[in-house]
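Undergrad: Structure supplied as data29.txt; contents: compact mmCIF, C-alpha atoms.
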```txt
# COMPACT_ATOMS: atom_id res chain seq x y z
CA ASN Q 756 99.28 121.52 93.23
CA GLY Q 757 101.25 123.23 95.96
CA SER Q 758 99.24 121.94 98.94
CA GLY Q 759 101.86 119.33 99.80
CA PHE Q 760 104.54 121.99 99.58
CA TYR Q 761 102.74 124.27 102.01
CA ARG Q 762 102.06 121.44 104.47
CA LEU Q 763 105.75 120.54 104.57
CA LEU Q 764 106.74 124.19 104.75
CA ALA Q 765 104.46 124.66 107.75
CA ALA Q 766 105.84 121.53 109.38
CA GLY Q 767 109.39 122.76 108.85
CA LEU Q 768 108.66 126.19 110.33
CA LYS Q 769 106.34 125.25 113.21
CA ARG Q 770 108.23 122.55 115.06
CA PRO Q 771 108.00 122.83 118.87
CA LYS Q 772 110.93 124.45 120.65
CA CYS Q 773 111.67 121.14 122.39
CA ASP Q 774 112.53 119.73 118.96
CA ILE Q 775 115.62 121.96 118.80
CA GLN Q 776 117.87 119.27 117.33
CA ALA Q 777 115.55 118.76 114.36
CA ILE Q 778 115.28 122.53 113.86
CA GLU Q 779 119.07 122.85 113.87
CA THR Q 780 119.36 120.00 111.35
CA ILE Q 781 116.84 121.67 109.03
CA LEU Q 782 118.58 125.05 109.23
CA ARG Q 783 121.97 123.46 108.61
CA GLY Q 784 120.40 121.62 105.70
CA VAL Q 785 119.05 124.87 104.26
CA GLU Q 786 122.61 126.23 104.14
CA ILE Q 787 124.00 123.05 102.58
CA LEU Q 788 121.26 122.78 99.95
CA GLY Q 789 121.36 126.50 99.21
CA VAL Q 790 125.00 126.18 98.19
CA LEU Q 791 124.31 123.03 96.16
CA LEU Q 792 121.36 124.58 94.33
CA GLN Q 793 123.51 127.55 93.33
CA THR Q 794 126.15 125.15 92.02
CA LEU Q 795 123.51 123.29 90.00
CA ASP Q 796 121.91 126.44 88.56
CA ASP Q 797 122.90 125.46 85.04
CA ASP Q 798 120.92 124.89 81.83
CA THR Q 799 122.53 121.49 81.29
CA VAL Q 800 121.50 120.29 84.74
CA ARG Q 801 118.04 121.78 84.28
CA ASP Q 802 117.59 119.79 81.06
CA VAL Q 803 118.45 116.56 82.88
CA VAL Q 804 116.12 117.31 85.82
CA THR Q 805 113.16 118.18 83.58
CA SER Q 806 113.89 115.43 81.05
CA THR Q 807 111.00 113.19 80.03
CA SER Q 808 113.25 110.17 80.60
CA THR Q 809 112.09 108.14 83.58
CA THR Q 810 114.75 105.44 83.66
CA PRO Q 811 116.02 105.08 87.25
CA PHE Q 812 119.78 105.43 87.66
CA ARG Q 813 120.08 101.85 88.96
CA ASP Q 814 118.85 100.60 85.57
CA LEU Q 815 121.46 102.52 83.56
CA LYS Q 816 124.84 101.17 82.50
CA PRO Q 817 128.12 103.13 82.46
CA THR Q 818 127.95 103.00 78.67
CA ASP Q 819 124.63 104.88 78.60
CA SER Q 820 124.88 108.51 77.51
CA GLN Q 821 123.47 110.04 80.72
CA TRP Q 822 125.20 107.72 83.17
CA ARG Q 823 128.21 109.95 83.93
CA GLN Q 824 126.19 113.11 84.53
CA LEU Q 825 123.62 111.30 86.66
CA SER Q 826 126.42 109.59 88.59
CA ASP Q 827 127.96 112.99 89.35
CA LEU Q 828 124.58 114.42 90.41
CA ARG Q 829 123.85 111.37 92.52
CA TRP Q 830 127.13 111.80 94.41
CA LEU Q 831 126.62 115.56 94.90
CA TRP Q 832 123.10 115.10 96.24
CA TYR Q 833 124.11 112.17 98.43
CA LYS Q 834 126.85 114.23 100.11
CA ALA Q 835 124.39 117.09 100.68
CA LEU Q 836 121.51 114.95 101.97
CA LYS Q 837 123.54 112.60 104.16
CA PRO Q 838 123.94 115.02 107.14
CA ILE Q 839 120.28 116.11 106.85
CA GLY Q 840 118.73 112.65 106.75
CA PRO Q 841 114.91 112.25 106.92
CA LEU Q 842 114.42 116.03 107.20
CA TRP Q 843 115.82 116.70 103.74
CA LYS Q 844 112.48 117.69 102.20
CA GLU Q 845 111.82 120.33 104.85
CA ALA Q 846 115.32 121.71 104.30
CA LEU Q 847 114.87 121.66 100.52
CA ILE Q 848 111.56 123.52 100.79
CA LEU Q 849 113.10 126.31 102.85
CA ALA Q 850 116.21 126.51 100.64
CA LEU Q 851 114.08 126.86 97.50
CA ALA Q 852 111.76 129.37 99.14
CA ALA Q 853 114.76 131.48 100.18
CA ALA Q 854 116.21 131.36 96.67
CA SER Q 855 112.93 131.82 94.78
CA ASN Q 856 112.86 134.63 92.25
CA LYS Q 857 111.70 137.76 94.10
CA GLY Q 858 109.98 135.61 96.68
CA VAL Q 859 107.56 134.00 94.18
CA ILE Q 860 106.52 130.85 96.06
CA SER Q 861 104.94 129.28 92.97
CA ASP Q 862 108.43 129.07 91.44
CA ALA Q 863 109.69 127.30 94.55
CA VAL Q 864 106.72 124.88 94.45
CA ASP Q 865 107.50 123.87 90.87
CA GLN Q 866 111.20 123.45 91.58
CA PHE Q 867 110.49 121.48 94.77
CA ASN Q 868 108.29 119.00 92.91
CA GLU Q 869 110.85 118.65 90.12
CA TRP Q 870 113.78 118.07 92.46
CA VAL Q 871 111.93 115.61 94.71
CA ASN Q 872 110.83 113.58 91.70
CA PHE Q 873 114.36 113.66 90.30
CA ILE Q 874 116.06 112.72 93.59
CA GLU Q 875 113.63 109.93 94.45
CA ASN Q 876 112.84 108.45 91.05
CA ARG Q 877 115.81 109.21 88.79
CA LEU Q 878 118.71 109.22 91.27
CA ASP Q 879 117.18 106.55 93.58
CA LEU Q 880 118.54 108.36 96.61
CA GLU Q 881 115.79 108.54 99.22
CA ASP Q 882 116.20 105.00 100.54
CA VAL Q 883 119.97 105.40 100.76
CA VAL Q 884 119.62 108.61 102.77
CA LEU Q 885 116.89 107.29 105.08
CA GLU Q 886 118.29 103.79 105.54
CA LYS Q 887 121.96 104.46 106.25
CA GLU Q 888 122.62 100.77 106.90
CA LYS Q 889 122.26 100.23 103.16
CA LEU Q 890 125.66 101.85 102.78
CA LYS Q 891 127.48 99.66 105.23
CA PRO Q 892 130.97 99.35 103.70
CA ILE Q 893 131.46 96.32 101.48
CA LEU Q 894 135.03 96.10 102.79
CA ASN Q 895 135.56 96.65 106.49
CA GLY Q 896 138.78 97.85 108.10
CA SER Q 897 140.34 94.39 108.22
CA ASP Q 898 139.49 93.77 104.57
CA VAL Q 899 141.11 97.05 103.53
CA GLN Q 900 144.22 96.22 105.53
CA ARG Q 901 144.54 92.89 103.71
CA VAL Q 902 144.03 94.46 100.27
CA LEU Q 903 146.22 97.51 100.93
CA PRO Q 904 148.65 96.51 103.71
CA GLY Q 905 150.59 99.77 103.51
CA VAL Q 906 147.68 101.98 104.57
CA SER Q 907 147.40 103.76 107.91
CA GLY Q 908 146.06 106.94 109.50
CA ASN Q 909 144.66 109.52 107.10
CA GLY Q 910 145.23 107.18 104.16
CA PHE Q 911 142.75 104.74 105.69
CA ARG Q 912 140.11 107.47 105.95
CA ARG Q 913 140.71 108.41 102.30
CA ILE Q 914 140.20 104.81 101.23
CA MET Q 915 136.95 104.41 103.18
CA ALA Q 916 135.68 107.70 101.70
CA ALA Q 917 136.61 106.51 98.21
CA GLN Q 918 134.79 103.23 98.80
CA GLU Q 919 131.66 105.13 99.92
CA GLU Q 920 131.75 107.29 96.78
CA TRP Q 921 132.23 104.24 94.56
CA MET Q 922 129.25 102.51 96.21
CA VAL Q 923 126.99 105.55 95.73
CA ARG Q 924 128.02 106.11 92.13
CA ASN Q 925 127.58 102.44 91.23
CA CYS Q 926 124.47 101.62 93.33
CA MET Q 927 126.49 98.89 95.03
CA TYR Q 928 124.38 98.38 98.10
CA SER Q 929 121.76 95.80 98.95
CA GLU Q 930 120.22 93.87 101.79
CA THR Q 931 122.47 91.00 100.75
CA ILE Q 932 125.58 93.01 101.56
CA VAL Q 933 124.11 94.53 104.72
CA ASP Q 934 123.07 91.15 106.11
CA GLY Q 935 126.43 89.67 105.22
CA ARG Q 936 124.95 86.68 103.46
CA SER Q 937 127.10 84.96 100.86
CA SER Q 938 125.88 85.54 97.32
CA SER Q 939 127.24 86.06 93.84
CA HIS Q 940 126.25 89.73 94.02
CA ASN Q 941 128.16 90.16 97.27
CA ASP Q 942 131.21 88.40 95.84
CA ASP Q 943 131.04 90.45 92.64
CA ALA Q 944 130.74 93.69 94.61
CA ARG Q 945 133.73 92.78 96.77
CA ALA Q 946 135.81 91.92 93.73
CA GLU Q 947 134.88 95.17 91.98
CA VAL Q 948 135.59 97.44 94.93
CA ILE Q 949 138.88 95.64 95.64
CA GLY Q 950 139.95 96.22 92.05
CA TYR Q 951 138.89 99.86 92.19
CA LEU Q 952 140.69 100.62 95.45
CA ALA Q 953 143.85 98.76 94.40
CA ALA Q 954 143.97 100.76 91.16
CA THR Q 955 143.17 104.07 92.89
CA PHE Q 956 145.64 103.68 95.77
CA PRO Q 957 148.64 101.74 94.40
CA GLU Q 958 150.91 103.53 96.90
CA TYR Q 959 149.40 101.42 99.70
CA ALA Q 960 149.79 98.08 97.94
CA THR Q 961 152.92 97.22 99.92
CA VAL Q 962 154.07 97.88 103.47
CA VAL Q 963 156.71 100.60 103.74
CA VAL Q 964 159.41 99.57 106.21
CA GLU Q 965 160.95 102.56 107.98
CA ARG Q 966 164.68 102.44 108.57
```
As a first step, turn the structure in this file into C-alpha cells.
TA:
Amino acid sequence: NGSGFYRLLAAGLKRPKCDIQAIETILRGVEILGVLLQTLDDDTVRDVVTSTSTTPFRDLKPTDSQWRQLSDLRWLWYKALKPIGPLWKEALILALAAASNKGVISDAVDQFNEWVNFIENRLDLEDVVLEKEKLKPILNGSDVQRVLPGVSGNGFRRIMAAQEEWMVRNCMYSETIVDGRSSSHNDDARAEVIGYLAATFPEYATVVVER
C-alpha cells in the first residue's frame, strides 16, 4: 500500500514558500541520505534489512551474532538522520524516489516501507532522532576533565564525539540519565563510559606540563 508514501511525498514537495527552512532541511537531507543509501547498496545489508528477525537492537547483547552489524548501521543512520530531525521521512522518500530504478515509484515505495520499519523497529532510532535530549551526554565537560585531565581544545571535541558514538551504539540513554536522577543504571552507564573513554584516550590520562 503506497498511499502513505504518496501522502508524505506530497507533503515534502508542497510545503509553502514561507516554510523555507524546512524545505532546505529536506533537500539537504535528500543529499545526505542519497549518499548513505549508495553506501548501503549491498546484498549483506539488504539481507539484514529484509530479515524476518524482529528483535529490537536494544534487546540484543554484544555477543549476539547480528549485534556488530546492527550497531554499525545504527551509528551510520544516526549520523545521517541527526541533522534532518523530524523531517527524515520526507527526505528519505525523495532520496529513494530519485534513486529508484528508471523512475519506478513502486520500487521506492517498497524500499521506503522496508527502511522505515528497519530504522524504527530494529534500530530503535526514531525516538533518539526526534527527542535529542535523550542523548544528553552522560559525562559533561567537568566530568571529562576529571577523568582525562590532560585534554583540551580539539581533543575535548574528539572525546565528546566518541562518547556520543558509544551512547548510540550501546543504547545508553534514558529518562533517568536525562533527568539526572541517581540510579543504578545511571551509575553503571557512567562507569562504563568512563572506562571506555579512559581506554580509548590514554594520552589524556595525565596533564602534560610544558617547559
Undergrad: Between CA of Asp798 (chain Q) and CA of Leu847 (chain Q), what is the distance in Å, rounded to a tenth?
TA: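 Distance between the two atoms: 19.9 Å.
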Undergrad: Calculate how many Å separate CA of Arg877 (chain Q) from CA of Arg945 (chain Q), rounding to one decimal.
TA: 25.6 Å
Undergrad: With all atoms listed in the file as the basis for distance, which of Q:Leu842, Q:Ile787, Q:Leu903, Q:Leu836 is at the shortest distance from Pro957 (chain Q)?
TA: Q:Leu903
Undergrad: With distances taken over all atoms listed in the file, which residue among Q:Ala850, Q:Leu791, Q:Val923, Q:Ile781 lies nearest Arg813 (chain Q)?
TA: Q:Val923
Undergrad: Between Q:Val884, Q:Val800, Q:Val864, Q:Ile914, which is the closest to Asp898 (chain Q) once you count only C-alpha atoms?
TA: Q:Ile914
Undergrad: What gap, in Å, lies between CA of Gln821 (chain Q) and CA of Gly840 (chain Q)?
TA: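 We find that CA of Gln821 (chain Q) and CA of Gly840 (chain Q) lie 26.6 Å from each other.
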Undergrad: Here is a test: counting all atoms listed in the file, which residue of Q:Tyr951, Q:Ala960, Q:Asn876, Q:Leu885 is nearest to Gly905 (chain Q)?
TA: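 So, comparing all the options, the nearest one is Q:Ala960.
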Undergrad: Please list, as a JSON list (two decimals) with C-alpha atoms, keeping the file's coordinate frame, the residues that have an atom at most 12 Å away from (127.7, 117.3, 102.5) in the coordinates of this file, counting all atoms listed in the file.
TA:
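Below is the file selection-v4.json, written as the result:
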```json
[["chain", "number", "residue", "atom", "x", "y", "z"],
["Q", 783, "ARG", "CA", 121.97, 123.46, 108.61],
["Q", 784, "GLY", "CA", 120.40, 121.62, 105.70],
["Q", 785, "VAL", "CA", 119.05, 124.87, 104.26],
["Q", 786, "GLU", "CA", 122.61, 126.23, 104.14],
["Q", 787, "ILE", "CA", 124.00, 123.05, 102.58],
["Q", 788, "LEU", "CA", 121.26, 122.78, 99.95],
["Q", 789, "GLY", "CA", 121.36, 126.50, 99.21],
["Q", 790, "VAL", "CA", 125.00, 126.18, 98.19],
["Q", 791, "LEU", "CA", 124.31, 123.03, 96.16],
["Q", 830, "TRP", "CA", 127.13, 111.80, 94.41],
["Q", 831, "LEU", "CA", 126.62, 115.56, 94.90],
["Q", 832, "TRP", "CA", 123.10, 115.10, 96.24],
["Q", 833, "TYR", "CA", 124.11, 112.17, 98.43],
["Q", 834, "LYS", "CA", 126.85, 114.23, 100.11],
["Q", 835, "ALA", "CA", 124.39, 117.09, 100.68],
["Q", 836, "LEU", "CA", 121.51, 114.95, 101.97],
["Q", 837, "LYS", "CA", 123.54, 112.60, 104.16],
["Q", 838, "PRO", "CA", 123.94, 115.02, 107.14],
["Q", 839, "ILE", "CA", 120.28, 116.11, 106.85],
["Q", 840, "GLY", "CA", 118.73, 112.65, 106.75],
["Q", 843, "TRP", "CA", 115.82, 116.70, 103.74],
["Q", 884, "VAL", "CA", 119.62, 108.61, 102.77]]
```
Undergrad: Which residue out of Q:Leu828, Q:Ile778, Q:Arg823, Q:Ser861 has the minimum interatomic distance to Thr794 (chain Q) when only C-alpha atoms are used?
TA: Q:Leu828
Undergrad: As a list in words, please: the residues near Asp862 (chain Q) (cut-off 10 Å, only C-alpha atoms, same-chain neighbours under 6 positions excluded).
TA: Leu851, Ala852, Ala854, Ser855 and Asn856 of chain Q
Undergrad: Store the residues picked out above, limited to C-alpha atoms, as a PDB file, in the coordinates of the input.
TA:
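Just written: out-v5.pdb:
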```pdb
ATOM      1  CA  LEU Q 851     114.080 126.860  97.500  1.00  0.00           C
ATOM      2  CA  ALA Q 852     111.760 129.370  99.140  1.00  0.00           C
ATOM      3  CA  ALA Q 854     116.210 131.360  96.670  1.00  0.00           C
ATOM      4  CA  SER Q 855     112.930 131.820  94.780  1.00  0.00           C
ATOM      5  CA  ASN Q 856     112.860 134.630  92.250  1.00  0.00           C
TER       6      ASN Q 856
END
```
Undergrad: Pick out the closest residue to Phe867 (chain Q) from this set: Q:Met927, Q:Leu782, Q:Val883, Q:Val804. Count all atoms listed in the file.
TA: Q:Val804
